[in-house]
file structure09.pdb (PDB, C-alpha atoms (C1' of nucleotides))
ATOM      1  CA  MET A  17     143.287  68.173  83.719
ATOM      2  CA  PRO A  18     141.359  64.978  83.231
ATOM      3  CA  GLU A  19     140.483  63.685  86.700
ATOM      4  CA  LEU A  20     138.217  60.788  87.597
ATOM      5  CA  PRO A  21     134.981  62.226  86.134
ATOM      6  CA  GLU A  22     136.630  63.153  82.823
ATOM      7  CA  VAL A  23     138.376  59.788  82.467
ATOM      8  CA  HIS A  24     135.181  58.016  83.503
ATOM      9  CA  THR A  25     133.136  59.936  80.901
ATOM     10  CA  THR A  26     135.744  59.123  78.261
ATOM     11  CA  ALA A  27     135.803  55.400  79.072
ATOM     12  CA  THR A  28     132.016  55.118  79.222
ATOM     13  CA  GLN A  29     131.525  56.835  75.876
ATOM     14  CA  LEU A  30     134.352  54.887  74.239
ATOM     15  CA  ASN A  31     132.843  51.640  75.443
ATOM     16  CA  SER A  32     129.855  52.255  73.195
ATOM     17  CA  LEU A  33     131.730  54.061  70.393
ATOM     18  CA  ILE A  34     134.583  51.618  69.669
ATOM     19  CA  LYS A  35     133.483  48.263  71.140
ATOM     20  CA  ASN A  36     133.930  45.419  68.598
ATOM     21  CA  LYS A  37     136.000  47.568  66.245
ATOM     22  CA  VAL A  38     139.184  46.013  64.834
ATOM     23  CA  PHE A  39     142.529  47.836  64.686
ATOM     24  CA  SER A  40     143.927  48.199  61.172
ATOM     25  CA  GLY A  41     146.734  50.712  61.632
ATOM     26  CA  THR A  42     148.422  53.383  63.747
ATOM     27  CA  TRP A  43     150.149  56.716  63.268
ATOM     28  CA  SER A  44     152.037  58.879  65.724
ATOM     29  CA  ASN A  45     154.266  61.922  65.907
ATOM     30  CA  TYR A  46     155.198  60.995  69.451
ATOM     31  CA  SER A  47     158.759  62.280  69.247
ATOM     32  CA  SER A  48     159.832  64.767  71.840
ATOM     33  CA  PRO A  49     163.459  65.771  71.507
ATOM     34  CA  HIS A  50     164.262  66.710  75.086
ATOM     35  CA  TYR A  51     163.180  64.176  77.619
ATOM     36  CA  LYS A  52     163.738  60.463  77.108
ATOM     37  CA  GLY A  53     161.110  58.097  78.463
ATOM     38  CA  LYS A  54     158.401  60.736  78.686
ATOM     39  CA  LYS A  55     157.016  60.433  75.183
ATOM     40  CA  ILE A  56     153.467  59.415  74.326
ATOM     41  CA  VAL A  57     154.963  56.084  73.317
ATOM     42  CA  LYS A  58     158.448  55.214  74.515
ATOM     43  CA  ASP A  59     160.373  55.183  71.247
ATOM     44  CA  ASP A  60     160.254  54.127  67.623
ATOM     45  CA  LYS A  61     161.054  50.495  68.389
ATOM     46  CA  TYR A  62     158.278  50.335  70.990
ATOM     47  CA  PHE A  63     155.837  52.037  68.627
ATOM     48  CA  LYS A  64     156.484  49.432  65.906
ATOM     49  CA  GLU A  65     156.125  46.554  68.344
ATOM     50  CA  PHE A  66     153.006  48.110  69.891
ATOM     51  CA  THR A  67     151.451  48.410  66.425
ATOM     52  CA  LYS A  68     152.325  44.823  65.518
ATOM     53  CA  ASN A  69     150.738  43.621  68.751
ATOM     54  CA  ILE A  70     147.386  45.362  68.282
ATOM     55  CA  LEU A  71     146.843  44.965  64.513
ATOM     56  CA  GLY A  72     143.818  42.738  63.864
ATOM     57  CA  GLU A  73     142.791  42.849  67.523
ATOM     58  CA  LYS A  74     139.186  43.588  68.416
ATOM     59  CA  VAL A  75     138.151  45.965  71.220
ATOM     60  CA  THR A  76     136.151  43.944  73.751
ATOM     61  CA  SER A  77     135.456  46.769  76.251
ATOM     62  CA  VAL A  78     136.742  50.102  77.555
ATOM     63  CA  ASP A  79     136.925  50.985  81.239
ATOM     64  CA  ARG A  80     139.215  52.889  83.573
ATOM     65  CA  ARG A  81     141.372  52.484  86.666
ATOM     66  CA  GLY A  82     142.047  55.751  88.475
ATOM     67  CA  LYS A  83     142.852  58.304  85.798
ATOM     68  CA  ASN A  84     143.914  55.628  83.275
ATOM     69  CA  VAL A  85     141.746  54.673  80.299
ATOM     70  CA  LEU A  86     141.911  50.908  79.670
ATOM     71  CA  ILE A  87     141.064  49.536  76.219
ATOM     72  CA  ASN A  88     140.675  45.779  76.501
ATOM     73  CA  LEU A  89     141.493  43.622  73.473
ATOM     74  CA  SER A  90     140.377  40.187  72.325
ATOM     75  CA  SER A  91     143.937  38.923  72.839
ATOM     76  CA  GLY A  92     143.590  39.602  76.560
ATOM     77  CA  ASN A  93     146.034  42.501  76.344
ATOM     78  CA  THR A  94     145.035  46.030  77.356
ATOM     79  CA  ILE A  95     145.968  49.407  75.886
ATOM     80  CA  LEU A  96     146.556  51.880  78.718
ATOM     81  CA  VAL A  97     146.105  55.590  77.948
ATOM     82  CA  HIS A  98     146.943  58.277  80.507
ATOM     83  CA  LEU A  99     145.669  61.691  79.405
ATOM     84  CA  LYS A 100     147.791  63.626  81.917
ATOM     85  CA  MET A 101     147.204  67.391  81.493
ATOM     86  CA  THR A 102     145.785  68.174  78.088
ATOM     87  CA  GLY A 103     145.026  64.798  76.531
ATOM     88  CA  HIS A 104     141.673  63.713  75.216
ATOM     89  CA  LEU A 105     140.464  60.850  73.046
ATOM     90  CA  LEU A 106     138.167  61.476  70.083
ATOM     91  CA  VAL A 107     136.333  59.115  67.736
ATOM     92  CA  GLY A 108     135.261  59.805  64.164
ATOM     93  CA  LYS A 109     136.402  59.795  60.564
ATOM     94  CA  TYR A 110     139.770  61.505  60.224
ATOM     95  CA  ASN A 111     142.010  62.152  57.233
ATOM     96  CA  PHE A 112     145.726  62.804  57.083
ATOM     97  CA  ASN A 113     146.673  65.886  55.082
ATOM     98  CA  LYS A 114     150.019  64.967  53.573
ATOM     99  CA  LYS A 115     150.775  68.526  52.512
ATOM    100  CA  GLU A 116     150.301  69.975  55.963
ATOM    101  CA  GLY A 117     151.304  66.839  57.853
ATOM    102  CA  VAL A 118     148.307  66.987  60.168
ATOM    103  CA  TRP A 119     145.197  64.946  60.858
ATOM    104  CA  ALA A 120     141.744  66.517  60.610
ATOM    105  CA  ALA A 121     138.259  65.271  61.243
ATOM    106  CA  ASN A 122     136.006  65.100  58.209
ATOM    107  CA  GLU A 123     132.238  65.499  58.204
ATOM    108  CA  GLU A 124     131.768  62.406  60.347
ATOM    109  CA  GLY A 125     134.273  63.422  63.016
ATOM    110  CA  PRO A 126     134.136  66.014  65.804
ATOM    111  CA  LEU A 127     134.575  68.922  63.383
ATOM    112  CA  GLN A 128     134.259  71.615  65.996
ATOM    113  CA  ASP A 129     137.104  70.358  68.152
ATOM    114  CA  PRO A 130     139.685  73.154  68.287
ATOM    115  CA  PHE A 131     142.338  70.648  69.304
ATOM    116  CA  ASN A 132     142.509  68.666  66.032
ATOM    117  CA  GLN A 133     145.857  70.299  65.347
ATOM    118  CA  TYR A 134     147.302  68.615  68.432
ATOM    119  CA  ILE A 135     146.565  65.052  67.367
ATOM    120  CA  ARG A 136     149.587  63.003  68.467
ATOM    121  CA  PHE A 137     148.372  59.446  68.040
ATOM    122  CA  VAL A 138     145.883  57.778  65.689
ATOM    123  CA  PHE A 139     144.368  54.314  65.973
ATOM    124  CA  MET A 140     142.736  53.299  62.679
ATOM    125  CA  PHE A 141     139.889  50.786  62.591
ATOM    126  CA  SER A 142     138.926  48.441  59.774
ATOM    127  CA  ASP A 143     135.593  50.258  59.300
ATOM    128  CA  GLY A 144     137.368  53.494  58.319
ATOM    129  CA  THR A 145     136.863  55.326  61.608
ATOM    130  CA  CYS A 146     139.660  56.404  63.943
ATOM    131  CA  LEU A 147     140.328  56.818  67.632
ATOM    132  CA  VAL A 148     142.671  59.784  67.981
ATOM    133  CA  MET A 149     144.522  61.280  70.922
ATOM    134  CA  SER A 150     144.802  65.051  70.997
ATOM    135  CA  ASP A 151     147.399  66.278  73.481
ATOM    136  CA  MET A 152     148.714  69.809  73.156
ATOM    137  CA  ARG A 153     151.451  69.468  75.733
ATOM    138  CA  LYS A 154     152.477  65.892  74.906
ATOM    139  CA  PHE A 155     152.435  64.712  78.529
ATOM    140  CA  GLY A 156     150.119  61.812  77.722
ATOM    141  CA  LYS A 157     151.162  58.181  77.724
ATOM    142  CA  ILE A 158     150.109  55.172  75.658
ATOM    143  CA  THR A 159     151.381  51.704  76.514
ATOM    144  CA  LEU A 160     150.370  48.061  76.065
ATOM    145  CA  LEU A 161     149.803  45.838  79.088
ATOM    146  CA  GLN A 162     150.720  42.269  78.149
ATOM    147  CA  SER A 163     151.552  40.618  81.447
ATOM    148  CA  GLU A 164     150.825  40.638  85.154
ATOM    149  CA  GLU A 165     154.135  42.406  85.544
ATOM    150  CA  ASP A 166     153.051  45.197  83.155
ATOM    151  CA  ILE A 167     149.808  45.619  85.116
ATOM    152  CA  ARG A 168     151.663  45.717  88.422
ATOM    153  CA  ARG A 169     154.141  48.265  87.140
ATOM    154  CA  GLU A 170     151.541  50.598  85.621
ATOM    155  CA  LEU A 171     148.619  50.220  88.037
ATOM    156  CA  GLY A 172     150.037  48.509  91.127
ATOM    157  CA  GLU A 173     150.632  51.672  93.146
ATOM    158  CA  LEU A 174     147.107  53.015  92.742
ATOM    159  CA  GLY A 175     144.854  53.323  95.772
ATOM    160  CA  ASP A 176     141.167  52.509  96.146
ATOM    161  CA  GLU A 177     138.373  53.606  93.821
ATOM    162  CA  PRO A 178     136.431  56.229  95.836
ATOM    163  CA  LEU A 179     133.090  55.580  94.127
ATOM    164  CA  GLU A 180     133.126  51.819  94.741
ATOM    165  CA  LYS A 181     130.655  50.621  97.362
ATOM    166  CA  ASP A 182     133.393  48.984  99.421
ATOM    167  CA  PHE A 183     135.231  52.305  99.841
ATOM    168  CA  THR A 184     133.835  52.974 103.302
ATOM    169  CA  PHE A 185     134.449  55.831 105.717
ATOM    170  CA  LYS A 186     136.548  53.480 107.843
ATOM    171  CA  ILE A 187     138.915  52.882 104.917
ATOM    172  CA  PHE A 188     138.961  56.604 104.008
ATOM    173  CA  ASN A 189     139.850  57.428 107.609
ATOM    174  CA  GLU A 190     142.680  54.899 107.642
ATOM    175  CA  LYS A 191     144.040  56.406 104.424
ATOM    176  CA  LEU A 192     144.088  59.899 105.963
ATOM    177  CA  ASN A 193     145.971  58.501 108.952
ATOM    178  CA  LEU A 194     148.800  57.427 106.621
ATOM    179  CA  LYS A 195     149.651  61.104 105.901
ATOM    180  CA  PRO A 196     149.170  62.846 109.255
ATOM    181  CA  ASN A 197     151.503  65.762 108.541
ATOM    182  CA  TRP A 198     150.390  66.542 105.016
ATOM    183  CA  SER A 199     148.034  69.351 104.075
ATOM    184  CA  ILE A 200     144.596  67.915 103.468
ATOM    185  CA  LYS A 201     144.715  69.017  99.828
ATOM    186  CA  LYS A 202     147.903  67.080  99.179
ATOM    187  CA  THR A 203     146.508  64.054 101.012
ATOM    188  CA  ILE A 204     143.267  63.748  99.072
ATOM    189  CA  MET A 205     145.114  64.207  95.767
ATOM    190  CA  ASP A 206     147.562  61.353  96.488
ATOM    191  CA  GLN A 207     146.743  58.628  93.967
ATOM    192  CA  GLY A 208     148.344  56.009  96.207
ATOM    193  CA  LEU A 209     145.687  56.462  98.908
ATOM    194  CA  PHE A 210     142.588  56.648  96.742
ATOM    195  CA  VAL A 211     142.395  57.603  93.089
ATOM    196  CA  GLY A 212     140.762  60.183  90.899
ATOM    197  CA  VAL A 213     140.899  63.487  92.789
ATOM    198  CA  GLY A 214     142.966  66.200  91.082
ATOM    199  CA  ASN A 215     143.202  69.944  91.452
ATOM    200  CA  ILE A 216     139.658  70.886  90.428
ATOM    201  CA  TYR A 217     137.727  68.331  92.454
ATOM    202  CA  SER A 218     139.950  68.705  95.530
ATOM    203  CA  ASP A 219     139.274  72.459  95.648
ATOM    204  CA  GLU A 220     135.548  71.904  95.156
ATOM    205  CA  ALA A 221     135.351  69.170  97.827
ATOM    206  CA  MET A 222     137.169  71.352 100.367
ATOM    207  CA  TRP A 223     134.864  74.301  99.699
ATOM    208  CA  LEU A 224     131.817  72.104 100.323
ATOM    209  CA  THR A 225     133.428  70.886 103.556
ATOM    210  CA  LYS A 226     134.326  74.449 104.639
ATOM    211  CA  ILE A 227     137.955  73.582 105.296
ATOM    212  CA  HIS A 228     141.066  75.495 104.254
ATOM    213  CA  PRO A 229     143.348  73.537 101.877
ATOM    214  CA  ASN A 230     146.328  74.020 104.212
ATOM    215  CA  SER A 231     144.556  72.276 107.099
ATOM    216  CA  ILE A 232     146.706  69.531 108.590
ATOM    217  CA  THR A 233     145.320  66.059 107.917
ATOM    218  CA  SER A 234     145.807  64.749 111.464
ATOM    219  CA  SER A 235     143.948  67.732 112.913
ATOM    220  CA  LEU A 236     140.673  66.993 111.152
ATOM    221  CA  SER A 237     138.051  65.676 113.555
ATOM    222  CA  PRO A 238     136.091  62.494 112.767
ATOM    223  CA  GLU A 239     133.039  64.687 112.129
ATOM    224  CA  ILE A 240     134.836  66.836 109.543
ATOM    225  CA  ARG A 241     136.354  63.727 107.976
ATOM    226  CA  LYS A 242     132.912  62.233 107.509
ATOM    227  CA  ILE A 243     131.697  65.378 105.755
ATOM    228  CA  LEU A 244     134.804  65.469 103.558
ATOM    229  CA  PHE A 245     134.371  61.780 102.717
ATOM    230  CA  LYS A 246     130.813  62.449 101.610
ATOM    231  CA  ASN A 247     131.736  65.599  99.670
ATOM    232  CA  ILE A 248     134.541  63.928  97.693
ATOM    233  CA  LYS A 249     131.965  61.432  96.447
ATOM    234  CA  VAL A 250     129.483  64.246  95.785
ATOM    235  CA  VAL A 251     131.833  66.297  93.593
ATOM    236  CA  LEU A 252     133.106  63.264  91.659
ATOM    237  CA  LYS A 253     129.542  62.123  90.982
ATOM    238  CA  LYS A 254     128.530  65.657  89.968
ATOM    239  CA  GLY A 255     131.503  65.743  87.601
ATOM    240  CA  ILE A 256     130.345  62.520  85.974
ATOM    241  CA  GLU A 257     126.734  63.719  85.871
ATOM    242  CA  PHE A 258     127.799  66.866  83.985
ATOM    243  CA  GLY A 259     129.993  64.942  81.557
ATOM    244  CA  GLY A 260     133.324  66.171  82.922
ATOM    245  CA  ASP A 261     135.006  69.559  83.137
ATOM    246  CA  SER A 262     135.949  71.364  79.909
ATOM    247  CA  MET A 263     137.362  74.539  81.482
ATOM    248  CA  GLN A 264     140.561  73.883  79.542
ATOM    249  CA  ASP A 265     141.299  71.145  77.033
ATOM    250  CA  TYR A 266     139.085  68.250  77.915
ATOM    251  CA  ARG A 267     136.514  67.072  75.363
ATOM    252  CA  ARG A 268     134.338  63.971  75.319
ATOM    253  CA  PRO A 269     135.101  61.345  72.632
ATOM    254  CA  ASP A 270     132.311  62.696  70.408
ATOM    255  CA  GLY A 271     133.954  66.139  70.562
ATOM    256  CA  THR A 272     131.384  67.781  72.814
ATOM    257  CA  PRO A 273     132.509  69.638  75.954
ATOM    258  CA  GLY A 274     131.497  68.611  79.453
ATOM    259  CA  LYS A 275     129.611  71.072  81.615
ATOM    260  CA  PHE A 276     131.071  70.808  85.133
ATOM    261  CA  GLN A 277     133.021  74.072  84.630
ATOM    262  CA  MET A 278     129.674  75.858  84.882
ATOM    263  CA  ARG A 279     129.252  74.443  88.385
ATOM    264  CA  HIS A 280     132.544  75.572  89.950
ATOM    265  CA  ASN A 281     132.192  77.095  93.386
ATOM    266  CA  VAL A 282     135.867  78.004  93.800
ATOM    267  CA  TYR A 283     138.120  76.605  91.073
ATOM    268  CA  GLN A 284     139.467  79.451  88.899
ATOM    269  CA  ARG A 285     137.175  81.965  90.592
ATOM    270  CA  LYS A 286     139.939  84.050  92.200
ATOM    271  CA  GLY A 287     138.670  87.468  93.268
ATOM    272  CA  GLU A 288     135.010  86.535  92.876
ATOM    273  CA  GLY A 289     132.453  86.222  95.661
ATOM    274  CA  CYS A 290     131.771  83.084  97.659
ATOM    275  CA  LYS A 291     128.832  81.135  96.238
ATOM    276  CA  ASP A 292     127.474  80.385  99.706
ATOM    277  CA  VAL A 293     124.501  82.759 100.051
ATOM    278  CA  LYS A 294     125.180  83.114 103.780
ATOM    279  CA  CYS A 295     128.834  84.080 103.205
ATOM    280  CA  ASN A 296     130.256  87.341 101.834
ATOM    281  CA  GLY A 297     133.821  86.055 101.509
ATOM    282  CA  VAL A 298     136.078  86.290  98.454
ATOM    283  CA  ILE A 299     137.813  83.442  96.627
ATOM    284  CA  GLU A 300     141.599  83.493  97.007
ATOM    285  CA  ARG A 301     144.341  81.561  95.283
ATOM    286  CA  ILE A 302     147.383  80.178  97.101
ATOM    287  CA  VAL A 303     149.938  77.446  96.386
ATOM    288  CA  VAL A 304     149.578  74.254  98.430
ATOM    289  CA  GLY A 305     152.036  71.420  97.895
ATOM    290  CA  GLY A 306     153.162  73.064  94.682
ATOM    291  CA  ARG A 307     149.638  73.249  93.280
ATOM    292  CA  SER A 308     147.348  76.226  92.879
ATOM    293  CA  SER A 309     144.459  76.085  95.296
ATOM    294  CA  HIS A 310     141.279  78.160  95.382
ATOM    295  CA  PHE A 311     139.267  78.719  98.545
ATOM    296  CA  CYS A 312     136.928  81.171 100.278
ATOM    297  CA  ASN A 313     138.852  83.347 102.742
ATOM    298  CA  LYS A 314     135.887  83.568 105.064
ATOM    299  CA  CYS A 315     133.966  80.312 105.313
ATOM    300  CA  GLN A 316     136.782  77.784 104.827
ATOM    301  CA  LYS A 317     138.473  77.315 108.210
ATOM    302  CA  LEU A 318     142.137  76.499 108.724
ATOM    303  CA  ILE A 319     142.384  73.458 111.014
ATOM    304  CA  SER A 320     145.904  72.857 112.309
TER     305      SER A 320
ATOM    306  C1'  DT B  11     157.830  91.844  75.779
ATOM    307  C1'  DG B  12     158.472  88.462  79.182
ATOM    308  C1'  DC B  13     157.008  85.627  82.457
ATOM    309  C1'  DA B  14     153.604  83.536  85.573
ATOM    310  C1'  DG B  15     150.069  80.328  85.240
ATOM    311  C1'  DT B  16     147.816  75.971  83.640
ATOM    312  C1'  DG B  17     148.072  70.351  86.247
ATOM    313  C1'  DT B  18     149.818  65.017  86.417
ATOM    314  C1'  DT B  19     153.394  62.328  87.395
ATOM    315  C1'  DG B  20     157.879  60.894  88.450
ATOM    316  C1'  DC B  21     162.645  61.952  88.967
ATOM    317  C1'  DT B  22     166.267  64.698  91.297
ATOM    318  C1'  DT B  23     167.972  67.151  95.060
ATOM    319  C1'  DC B  24     168.547  68.338  99.718
TER     320       DC B  24
ATOM    321  C1'  DC C  40     164.147  58.631 104.012
ATOM    322  C1'  DG C  41     160.826  62.130 103.365
ATOM    323  C1'  DA C  42     159.815  66.486 101.577
ATOM    324  C1'  DA C  43     160.364  69.890  98.210
ATOM    325  C1'  DG C  44     161.158  71.302  93.698
ATOM    326  C1'  DC C  45     161.613  70.727  89.003
ATOM    327  C1'  DA C  46     161.109  68.871  84.264
ATOM    328  C1'  DA C  47     158.420  67.120  80.481
ATOM    329  C1'  DC C  48     155.418  70.595  76.800
ATOM    330  C1'  DA C  49     152.793  74.500  74.550
ATOM    331  C1'  DC C  50     149.982  78.053  74.810
ATOM    332  C1'  DT C  51     147.272  82.068  77.191
ATOM    333  C1'  DG C  52     146.828  86.251  79.470
ATOM    334  C1'  DC C  53     148.398  90.058  81.914
TER     335       DC C  53
END

call {"tool": "encode", "arguments": {"input": "structure09.pdb", "output": "structure tokens"}}
result
Amino acid sequence: MPELPEVHTTATQLNSLIKNKVFSGTWSNYSSPHYKGKKIVKDDKYFKEFTKNILGEKVTSVDRRGKNVLINLSSGNTILVHLKMTGHLLVGKYNFNKKEGVWAANEEGPLQDPFNQYIRFVFMFSDGTCLVMSDMRKFGKITLLQSEEDIRRELGELGDEPLEKDFTFKIFNEKLNLKPNWSIKKTIMDQGLFVGVGNIYSDEAMWLTKIHPNSITSSLSPEIRKILFKNIKVVLKKGIEFGGDSMQDYRRPDGTPGKFQMRHNVYQRKGEGCKDVKCNGVIERIVVGGRSSHFCNKCQKLIS
DNA sequence: TGCAGTGTTGCTTC
DNA sequence: CGAAGCAACACTGC
């Protein structure tokens, strides 16, 4: 569930929590017996090589590109972490319990995190602290970017950053024109056009704009597009302001939950009343482009 | 008890 | 070729 605000919060906090730390070891139980190539790290050989390549390296900074966390190293290489559905990164002092075969935070780690049992990957630092990745469903990905080719392969298809100053309405409009026949929900979630919008923030942006998720992209007037453009930025910034959305698994690196889930107007509010004081509609749930979508059946208009 | 629902991405199928 | 559907995984809730 980590979308732009969650990944942004993670990267920002990590940048202060692990900057200048030096890698001293790794651990992983990445194995997943069914589906080759979809493990947290590719395979045992890759894991060993990955470890060799980061040992002794210092973290120079942490930032993000789209929904990817990027941990930059003194060697010039970058560790890419994609949290996918249930992943989150935590920092603290962790110990491995040999008897139970699990990692747990000690008094200096995020003790309250209920997801300690799902720790799949551990980066150890020379000062005794750890960066750990908890990921219940094991969809997450960790890989090392060592060349321009690696960067192109992993990040080359990503669209523009919607919160950058140079992401203007003109560019947004051109992006929408690339998917004229798609539902607007599917369009704004396409990471190849612009990055960062997932299921939660798309639903929230469409509620603010008063448009039905099944509205056809080409049918949206320039006026509506301008409002949608503004509202996508609004919800992403709100998400960052509230430290991300911890409705499900997401936690910040210090183990604390974000608070955006308290601000939902539609997401996961099926059957409840519309939050617009002038509207007495009810929130419905439908499937759009294979994804669940929540909207008000009264004030969000279908444009097609 | 069993199955729909949870969401990101990329591969397969039509 | 584009669109649709499914698979990866694990757990919750009805």

call {"tool": "interface_residues", "arguments": {"input": "structure09.pdb", "of": "chain A", "to": "chain B", "cutoff": "6 Å", "atoms": "all atoms listed in the file", "output": "list in words"}}
result
Met17, Lys100 and Met101 of chain A

call {"tool": "resolve_selection", "arguments": {"input": "structure09.pdb", "expression": "the PyMOL selection byres ((chain C) within 9 of (chain A))", "output": "list in words"}}
result
DA43, DG44, DA46, DA47, DC48, DA49 and DC50 of chain C

call {"tool": "atom_distance", "arguments": {"input": "structure09.pdb", "atom1": "atom CA of A:Ser262", "atom2": "atom CA of A:Asn230"}}
result
26.6 Å

call {"tool": "atom_distance", "arguments": {"input": "structure09.pdb", "atom1": "atom CA of A:Glu65", "atom2": "atom CA of A:Asp143"}}
result
22.7 Å

call {"tool": "closest_residue", "arguments": {"input": "structure09.pdb", "among": "A:Glu239, A:Gly41, A:Trp198, A:Lys64", "to": "C:DA42", "atoms": "all atoms listed in the file"}}
result
A:Trp198

call {"tool": "atom_distance", "arguments": {"input": "structure09.pdb", "atom1": "atom CA of A:Glu19", "atom2": "atom CA of A:Val250"}}
result
14.3 Å

call {"tool": "decode", "arguments": {"input": "structure09.pdb", "residues": "stretch 296-318 of chain A", "atoms": "N, CA and C atoms", "output": "short mmCIF file (atom, residue, chain, number, x, y, z; two decimals), in the first residue's frame"}}
result
data_model
loop_
_atom_site.label_atom_id
_atom_site.label_comp_id
_atom_site.auth_asym_id
_atom_site.auth_seq_id
_atom_site.Cartn_x
_atom_site.Cartn_y
_atom_site.Cartn_z
N ASN A 296 -25.85 14.14 0.65
CA ASN A 296 -26.32 13.06 1.51
C ASN A 296 -26.14 11.70 0.84
N GLY A 297 -25.14 11.63 -0.04
CA GLY A 297 -24.85 10.37 -0.75
C GLY A 297 -24.19 9.34 0.15
N VAL A 298 -24.01 8.14 -0.41
CA VAL A 298 -23.41 7.01 0.31
C VAL A 298 -22.19 6.52 -0.47
N ILE A 299 -21.15 6.12 0.24
CA ILE A 299 -19.94 5.64 -0.43
C ILE A 299 -20.15 4.20 -0.92
N GLU A 300 -19.86 4.00 -2.22
CA GLU A 300 -19.98 2.67 -2.81
C GLU A 300 -18.61 2.15 -3.19
N ARG A 301 -18.54 0.84 -3.38
CA ARG A 301 -17.30 0.22 -3.84
C ARG A 301 -17.57 -0.54 -5.13
N ILE A 302 -16.77 -0.25 -6.16
CA ILE A 302 -16.85 -1.01 -7.41
C ILE A 302 -15.44 -1.39 -7.83
N VAL A 303 -15.32 -2.21 -8.87
CA VAL A 303 -14.00 -2.58 -9.38
C VAL A 303 -13.75 -1.82 -10.68
N VAL A 304 -12.65 -1.10 -10.74
CA VAL A 304 -12.28 -0.31 -11.92
C VAL A 304 -10.87 -0.73 -12.33
N GLY A 305 -10.75 -1.25 -13.54
CA GLY A 305 -9.43 -1.69 -14.01
C GLY A 305 -8.82 -2.72 -13.08
N GLY A 306 -9.68 -3.58 -12.53
CA GLY A 306 -9.19 -4.63 -11.65
C GLY A 306 -8.88 -4.20 -10.24
N ARG A 307 -9.14 -2.94 -9.92
CA ARG A 307 -8.83 -2.43 -8.58
C ARG A 307 -10.11 -1.97 -7.88
N SER A 308 -10.16 -2.15 -6.57
CA SER A 308 -11.33 -1.67 -5.84
C SER A 308 -11.30 -0.15 -5.83
N SER A 309 -12.49 0.43 -5.97
CA SER A 309 -12.57 1.88 -6.05
C SER A 309 -13.76 2.36 -5.24
N HIS A 310 -13.53 3.36 -4.41
CA HIS A 310 -14.57 3.88 -3.52
C HIS A 310 -14.96 5.28 -3.97
N PHE A 311 -16.28 5.53 -4.02
CA PHE A 311 -16.74 6.84 -4.49
C PHE A 311 -18.14 7.12 -3.93
N CYS A 312 -18.52 8.40 -3.92
CA CYS A 312 -19.85 8.79 -3.49
C CYS A 312 -20.82 8.65 -4.66
N ASN A 313 -21.92 7.93 -4.43
CA ASN A 313 -22.87 7.65 -5.52
C ASN A 313 -23.72 8.85 -5.89
N LYS A 314 -23.55 9.95 -5.17
CA LYS A 314 -24.37 11.11 -5.47
C LYS A 314 -23.57 12.28 -6.06
N CYS A 315 -22.47 12.63 -5.40
CA CYS A 315 -21.79 13.85 -5.84
C CYS A 315 -20.66 13.61 -6.84
N GLN A 316 -20.26 12.35 -7.06
CA GLN A 316 -19.21 12.10 -8.05
C GLN A 316 -19.85 11.71 -9.39
N LYS A 317 -19.70 12.59 -10.38
CA LYS A 317 -20.41 12.42 -11.65
C LYS A 317 -19.61 11.57 -12.64
N LEU A 318 -20.37 10.70 -13.34
CA LEU A 318 -19.76 9.90 -14.40
C LEU A 318 -19.68 10.73 -15.68
#
